[in-house]
Amino acid sequence: MKDWDFSIPPSSDLGDRDVPFVGNNLLGKNIALLITGGIAAMKTPLIARALRREGANVSAFVSKEATRYVTLDALEWSTNNPIVTQLTPVAEHLSDRTPFAVYLVAPATYNTINKMRYGIADGVITSTLASALGRMEKGKTKIMIVPTMHGSLHNSILTESLKFLYNLGVKIMPPRQDYGKNNIPHEQNIVVEVCRLINDSPLKNIPILVTAGPTPVPIDNIRRLTNHFTGQLGTKIAKELYLKGADINLIHGESSYTPPDYLPYQIVKTYQDYLELVINKLSNKNYICGIFSAAVADYQPQKIMLGKIPSKEKSKCIKLIPTIKVIEEVRQKFPNLYMVTFKYQEQVSHEALIEVASARIKKGYQVVVANRGEEMKSQQEHIAYLVTQNESPQKMIGKRRIATKIVEHLENICELRWK
C-alpha cells in the first residue's frame with residue numbers, strides 16, 4: 001500500500017445514490033427484488049446496485065427475517081426506492097400500478113421455496129410470489145429464484161419443490177456450491193442471468209461461435225511464439241451476445257486474461273488446438289454465425305524442438321513456415337456460416353486499411369472489423385471500423401462500443417435472415 005497524500009476525490013456528476021451505467025440490457029425494466037431471511041441477504045444491496053447498472057428500476061420486498069441480516073436504510077439507499085416490508089391497502093403484492101418484468105428471489109431460502117411450491121401466501125414475500133405465479137402463467141412476467149441454504153437443508157423435499165417450480169416455468173439459478181453450502185452467486189452473475197431471462201433480442205437462442213485471444217505456437221517443450229493480444233475484446237463481444245440470450249460458445253486462447261465464469265468458454269493453449277477445436281465445434285453443431293476475433297498465429301516453426309533448447313547455445317536458427325488460415329478453412333468447409341472476421345494492420349494509412357478489409361469482403365466474408373496500430377496508439381483507445389458489403393465503414397471507439405455495434409449488426413441481420 002502506498003501512502004495517501006490526503007487529496008480530495010475528483011468531482012463527479014453522479015449523485016449519492018446514482019450508479020454508473022455499464023449497459024442498457026435492463027433499461028426501463030421494473031424488477032422486484034424479493035429478499036428472504038438467510039444470511040446471504042446481507043449482499044442484496046450489491047445485487048440491487050448491479051441491476052441498476054444495467055438500467056433497471058429495482059423495488060425491494062423484504063421479509064421480517066431478512067431484516068436481521070440487512071438494514072432497510074441500506075436497501076432504500078441501494079434501490080433508490082421505498083422498501084416494502086408489509087402489505088397495506090395499496091396492495092403492493094399485486095403490482096397492478098407498476099408491473100414487474102421479473103421477480104427475483106435472492107436469496108431464496110428453504111422455507112420460501114417450499115411455501116412457494118405449495119401456494120402458501122402468509123406474508124409479504126409469499127403473497128407477492130403467489131401473485132407473481134399467476135402473472136407468469138399468463139405470460140406477463142418472469143420469476144427467477146436463487147436457492148441459498150446449508151447443504152443439510154438440501155433434502156428430497158427441497159428437490160421436489162425445485163422440480164415442481166421449474167416445470168411451472170420458474171427460472172432456477174444454480175447456487176455457488178462451496179463448503180457444504182448452496183451459496184449465493186456473485187451479484188454480476190445474477191444480473192447476467194436476469195438479462196438473459198427477460199431479453200427479447202432476435203439473437204435469443206441463436207447459436208454463435210466466438211473466438212478470442214492469442215494462439216501461441218510452440219518452439220520447444222518450454223518456449224513458444226505468441227503476441228500481446230489478451231482476448232478482452234472478443235470476451236466483451238461474447239458477453240454482449242450472452243446478455244442478449246444468444247447460445248454462445250467462446251474459444252479463448254491462453255493469455256494473462258481469463259473470461260468471466262458465467263460465460264461458456266474453452267481455453268486453447270496452441271494454434272493447432274485452436275484450429276482443431278474451431279473445426280470440431282462447427283462440425284458438430286449448426287452455428288448460424290462465427291465471430292473470429294482471435295489473434296491467430298501467421299507463422300509456426302517448421303520443426304518443434306524436442307525437450308528444451310539449451311540456454312547456453314549461442315545461436316539457433318528457427319525456420320518459420322505459414323500456418324493454415326483458419327478463416328479460409330472455415331469459409332471453405334462451412335460456406336453457409338455468417339462470418340465476422342478481424343483484420344489488424346500496422347504502418348498503413350486509413351484508406352489502405354479499408355481497402356484491405358473491402359478486398360476480404362469481395363472474397364465472400366460478410367463482415368470485417370478492421371483496425372490499425374497507429375490509430376489505436378495515438379488515441380489511447382481501441383478504435384476499429386465495421387466494414388460490410390452494402391454500407392460505408394462505421395467507426396467504433398472503445399471495446400464496449402465495438403462489441404455492442406457488432407451485436408446490433410447481428411440483430412439486424414437476424415431479423416432479416418435467421419428468424
# chains A, B, ... in the order shown; residues from 1 in each chain; ligands from 1
$ residues_around --residues "Lys285 of chain A" --least-positions-apart "3" --cutoff "10 Å" --atoms "only C-alpha atoms" --output "JSON list (two decimals) with N, CA and C atoms, in the first residue's frame"
[["chain", "number", "residue", "atom", "x", "y", "z"],
["A", 207, "PRO", "N", -27.40, -19.91, -32.14],
["A", 207, "PRO", "CA", -26.05, -20.46, -31.87],
["A", 207, "PRO", "C", -24.97, -19.62, -32.55],
["A", 208, "ILE", "N", -24.04, -19.10, -31.75],
["A", 208, "ILE", "CA", -22.96, -18.25, -32.26],
["A", 208, "ILE", "C", -21.64, -18.69, -31.64],
["A", 209, "LEU", "N", -20.63, -18.89, -32.48],
["A", 209, "LEU", "CA", -19.29, -19.23, -32.03],
["A", 209, "LEU", "C", -18.43, -17.97, -32.01],
["A", 280, "ASN", "N", -13.96, -28.60, -35.15],
["A", 280, "ASN", "CA", -14.78, -29.58, -34.42],
["A", 280, "ASN", "C", -16.11, -28.98, -33.98],
["A", 281, "LYS", "N", -16.05, -27.78, -33.41],
["A", 281, "LYS", "CA", -17.28, -27.12, -32.94],
["A", 281, "LYS", "C", -18.25, -26.89, -34.09],
["A", 282, "LEU", "N", -17.74, -26.39, -35.20],
["A", 282, "LEU", "CA", -18.61, -26.07, -36.33],
["A", 282, "LEU", "C", -19.14, -27.33, -37.00],
["A", 288, "ILE", "N", -25.02, -20.59, -36.51],
["A", 288, "ILE", "CA", -25.51, -19.67, -37.53],
["A", 288, "ILE", "C", -24.45, -18.64, -37.88]]
$ residues_around --residues "Lys343 of chain A" --least-positions-apart "6" --cutoff "10 Å" --atoms "only C-alpha atoms" --output "MDAnalysis selection string"
chainID A and resid 292:293 295 353:354 356:357 360 368:372 384:385
$ residues_around --residues "Gly151 of chain A" --least-positions-apart "3" --cutoff "10 Å" --atoms "only C-alpha atoms" --output "JSON, numbers by chain"
{"A": [148, 154, 155, 177, 178, 179, 180, 181, 182, 183]}
$ closest_residue --among "A:Ile35, A:Met136, A:Asn412, A:Ala246" --to "Phe100 of chain A" --atoms "only C-alpha atoms"
A:Met136
$ atom_distance --atom1 "atom CA of Lys204 of chain A" --atom2 "atom CA of Gly169 of chain A"
17.3 Å
$ residues_around --residues "Lys363 of chain A" --least-positions-apart "3" --cutoff "12 Å" --atoms "only C-alpha atoms" --output "ChimeraX atom specification"
/A:327-328,331-332,335,339,356-360,366-368,388-389
$ write_last_selection --atoms "N, CA and C atoms" --output "tab-separated table (two decimals), in the first residue's frame"
chain	number	residue	atom	x	y	z
A	327	ILE	N	-9.69	-18.84	-41.00
A	327	ILE	CA	-10.95	-18.33	-41.57
A	327	ILE	C	-11.16	-18.85	-43.00
A	328	GLU	N	-10.07	-19.11	-43.73
A	328	GLU	CA	-10.21	-19.67	-45.08
A	328	GLU	C	-10.69	-21.12	-45.01
A	331	ARG	N	-14.36	-20.88	-44.13
A	331	ARG	CA	-15.15	-20.44	-45.29
A	331	ARG	C	-15.36	-21.58	-46.27
A	332	GLN	N	-14.31	-22.39	-46.47
A	332	GLN	CA	-14.40	-23.49	-47.43
A	332	GLN	C	-15.29	-24.62	-46.91
A	335	PRO	N	-19.66	-23.01	-45.85
A	335	PRO	CA	-19.98	-21.84	-46.69
A	335	PRO	C	-21.22	-21.07	-46.25
A	339	MET	N	-19.95	-14.93	-41.22
A	339	MET	CA	-18.65	-14.74	-40.57
A	339	MET	C	-18.34	-13.27	-40.31
A	356	VAL	N	-7.98	-3.05	-47.73
A	356	VAL	CA	-7.69	-4.44	-47.36
A	356	VAL	C	-8.95	-5.14	-46.86
A	357	ALA	N	-9.71	-4.44	-46.01
A	357	ALA	CA	-10.94	-5.01	-45.48
A	357	ALA	C	-11.97	-5.23	-46.59
A	358	SER	N	-12.07	-4.27	-47.50
A	358	SER	CA	-13.04	-4.39	-48.60
A	358	SER	C	-12.68	-5.54	-49.53
A	359	ALA	N	-11.37	-5.76	-49.70
A	359	ALA	CA	-10.94	-6.89	-50.54
A	359	ALA	C	-11.37	-8.21	-49.93
A	360	ARG	N	-11.34	-8.30	-48.62
A	360	ARG	CA	-11.79	-9.53	-47.97
A	360	ARG	C	-13.30	-9.70	-48.14
A	366	GLN	N	-18.68	-11.78	-44.83
A	366	GLN	CA	-19.78	-10.82	-44.68
A	366	GLN	C	-19.39	-9.56	-43.94
A	367	VAL	N	-18.56	-9.68	-42.89
A	367	VAL	CA	-18.19	-8.53	-42.06
A	367	VAL	C	-16.71	-8.60	-41.74
A	368	VAL	N	-16.06	-7.42	-41.81
A	368	VAL	CA	-14.67	-7.31	-41.38
A	368	VAL	C	-14.57	-6.17	-40.37
A	388	THR	N	-18.78	-3.67	-44.17
A	388	THR	CA	-19.69	-4.65	-44.76
A	388	THR	C	-19.85	-4.35	-46.25
A	389	GLN	N	-20.63	-5.15	-46.92
A	389	GLN	CA	-20.72	-5.01	-48.37
A	389	GLN	C	-21.54	-3.80	-48.81
$ residues_around --residues "Ile113 of chain A" --least-positions-apart "3" --cutoff "9 Å" --atoms "only C-alpha atoms" --output "CSV table (one decimal) with N, CA and C atoms, in the first residue's frame"
chain,number,residue,atom,x,y,z
A,108,ALA,N,-33.2,-17.2,-1.9
A,108,ALA,CA,-34.4,-17.9,-1.8
A,108,ALA,C,-34.1,-19.0,-0.8
A,109,THR,N,-34.7,-18.9,0.4
A,109,THR,CA,-34.5,-19.9,1.5
A,109,THR,C,-35.3,-21.2,1.3
A,110,TYR,N,-34.9,-22.2,2.0
A,110,TYR,CA,-35.7,-23.5,2.1
A,110,TYR,C,-37.1,-23.2,2.4
A,116,MET,N,-43.6,-21.5,-1.6
A,116,MET,CA,-44.0,-21.1,-2.9
A,116,MET,C,-44.5,-22.3,-3.7
A,117,ARG,N,-43.9,-23.5,-3.6
A,117,ARG,CA,-44.3,-24.7,-4.3
A,117,ARG,C,-45.7,-25.1,-3.9
A,118,TYR,N,-46.1,-24.9,-2.6
A,118,TYR,CA,-47.4,-25.4,-2.1
A,118,TYR,C,-48.4,-24.2,-2.1
A,145,ILE,N,-35.5,-17.6,-9.1
A,145,ILE,CA,-35.1,-17.8,-7.7
A,145,ILE,C,-33.7,-18.3,-7.6
A,147,PRO,N,-31.6,-20.3,-5.0
A,147,PRO,CA,-31.6,-21.1,-3.8
A,147,PRO,C,-30.3,-20.9,-3.0
A,158,LEU,N,-36.9,-30.4,-0.7
A,158,LEU,CA,-36.5,-29.2,-1.5
A,158,LEU,C,-36.4,-29.6,-3.0
A,161,SER,N,-39.7,-29.7,-4.6
A,161,SER,CA,-40.2,-28.4,-4.8
A,161,SER,C,-39.5,-27.6,-6.0
A,162,LEU,N,-38.2,-27.7,-6.1
A,162,LEU,CA,-37.5,-27.1,-7.1
A,162,LEU,C,-37.9,-27.6,-8.5
A,165,LEU,N,-41.4,-26.3,-9.4
A,165,LEU,CA,-41.4,-24.8,-9.8
A,165,LEU,C,-40.8,-24.7,-11.2
$ select_by_dssp --residues "segment 70-204 of chain A" --states "alpha helix (DSSP H)" --output "ChimeraX atom specification"
/A:72-79,110-117,124-137,156-168,187-198
$ residues_around --residues "Glu375 of chain A" --least-positions-apart "3" --cutoff "12 Å" --atoms "only C-alpha atoms" --output "list in words"
Tyr344, Gln345, Glu346, Gln347, Val348, Ser349, His350, Leu353, Ala370, Asn371, Arg372, Ser378, Gln379, Gln380, Glu381, His382, Ile383, Ala384, Tyr385, Lys395, Met396 and Ile397 of chain A
$ atom_distance --atom1 "atom CA of Ser283 of chain A" --atom2 "atom CA of Leu386 of chain A"
27.7 Å
$ closest_atom_pairs --of "segment 185-273 of chain A" --to "segment 140-144 of chain A" --cutoff "9 Å" --atoms "only C-alpha atoms" --output "tab-separated table"
residue	atom	partner	partner_atom	distance
A:Glu193	CA	A:Met144	CA	8.8
A:Val194	CA	A:Met144	CA	7.6
A:Leu197	CA	A:Lys142	CA	7.6
A:Ile198	CA	A:Lys142	CA	7.2
$ write_last_selection --atoms "N, CA and C atoms" --output "PDB file, in the first residue's frame"
ATOM      1  N   GLU A 193     -27.882 -13.451 -15.590  1.00  0.00           N
ATOM      2  CA  GLU A 193     -28.982 -14.395 -15.804  1.00  0.00           C
ATOM      3  C   GLU A 193     -30.331 -13.697 -15.878  1.00  0.00           C
ATOM      4  N   VAL A 194     -30.495 -12.606 -15.140  1.00  0.00           N
ATOM      5  CA  VAL A 194     -31.728 -11.817 -15.256  1.00  0.00           C
ATOM      6  C   VAL A 194     -31.830 -11.231 -16.662  1.00  0.00           C
ATOM      7  N   LEU A 197     -32.811 -13.854 -19.088  1.00  0.00           N
ATOM      8  CA  LEU A 197     -34.173 -14.332 -18.874  1.00  0.00           C
ATOM      9  C   LEU A 197     -35.201 -13.447 -19.558  1.00  0.00           C
ATOM     10  N   ILE A 198     -35.030 -12.147 -19.466  1.00  0.00           N
ATOM     11  CA  ILE A 198     -36.082 -11.246 -19.942  1.00  0.00           C
ATOM     12  C   ILE A 198     -35.749 -10.569 -21.267  1.00  0.00           C
TER      13      ILE A 198
END
$ select_by_dssp --residues "segment 19-171 of chain A" --states "strand (DSSP E or B)" --output "PDB file with C-alpha atoms, in the first residue's frame"
ATOM      1  CA  ASN A  30     -39.116  -2.828 -13.311  1.00  0.00           C
ATOM      2  CA  ILE A  31     -37.630  -5.587 -11.180  1.00  0.00           C
ATOM      3  CA  ALA A  32     -38.960  -6.856  -7.858  1.00  0.00           C
ATOM      4  CA  LEU A  33     -36.134  -7.995  -5.592  1.00  0.00           C
ATOM      5  CA  LEU A  34     -37.637 -10.354  -3.007  1.00  0.00           C
ATOM      6  CA  ILE A  35     -35.346 -10.775  -0.016  1.00  0.00           C
ATOM      7  CA  ASN A  57     -35.636   0.155 -11.677  1.00  0.00           C
ATOM      8  CA  VAL A  58     -35.459  -2.021  -8.548  1.00  0.00           C
ATOM      9  CA  SER A  59     -38.109  -2.353  -5.821  1.00  0.00           C
ATOM     10  CA  ALA A  60     -37.236  -4.420  -2.756  1.00  0.00           C
ATOM     11  CA  PHE A  61     -39.729  -6.603  -0.868  1.00  0.00           C
ATOM     12  CA  VAL A  62     -38.245  -7.662   2.474  1.00  0.00           C
ATOM     13  CA  VAL A  84     -41.992  -2.924   1.050  1.00  0.00           C
ATOM     14  CA  VAL A 102     -39.182 -10.143 -13.389  1.00  0.00           C
ATOM     15  CA  TYR A 103     -39.449 -11.199  -9.757  1.00  0.00           C
ATOM     16  CA  LEU A 104     -36.015 -12.079  -8.423  1.00  0.00           C
ATOM     17  CA  VAL A 105     -35.939 -14.060  -5.167  1.00  0.00           C
ATOM     18  CA  ALA A 106     -32.400 -13.711  -3.853  1.00  0.00           C
ATOM     19  CA  PRO A 107     -31.657 -15.302  -1.535  1.00  0.00           C
ATOM     20  CA  ALA A 108     -34.404 -17.932  -1.777  1.00  0.00           C
ATOM     21  CA  LYS A 142     -40.832 -13.941 -15.292  1.00  0.00           C
ATOM     22  CA  ILE A 143     -39.699 -15.377 -11.958  1.00  0.00           C
ATOM     23  CA  MET A 144     -36.150 -16.318 -11.009  1.00  0.00           C
ATOM     24  CA  ILE A 145     -35.114 -17.792  -7.695  1.00  0.00           C
ATOM     25  CA  VAL A 146     -31.603 -18.199  -6.278  1.00  0.00           C
ATOM     26  CA  PRO A 147     -31.641 -21.099  -3.761  1.00  0.00           C
ATOM     27  CA  MET A 149     -29.082 -22.601   2.219  1.00  0.00           C
ATOM     28  CA  HIS A 150     -26.878 -25.028   4.154  1.00  0.00           C
ATOM     29  CA  LYS A 171     -36.077 -19.960 -13.662  1.00  0.00           C
TER      30      LYS A 171
END
$ atom_distance --atom1 "atom CA of Leu337 of chain A" --atom2 "atom CA of Ala212 of chain A"
17.9 Å
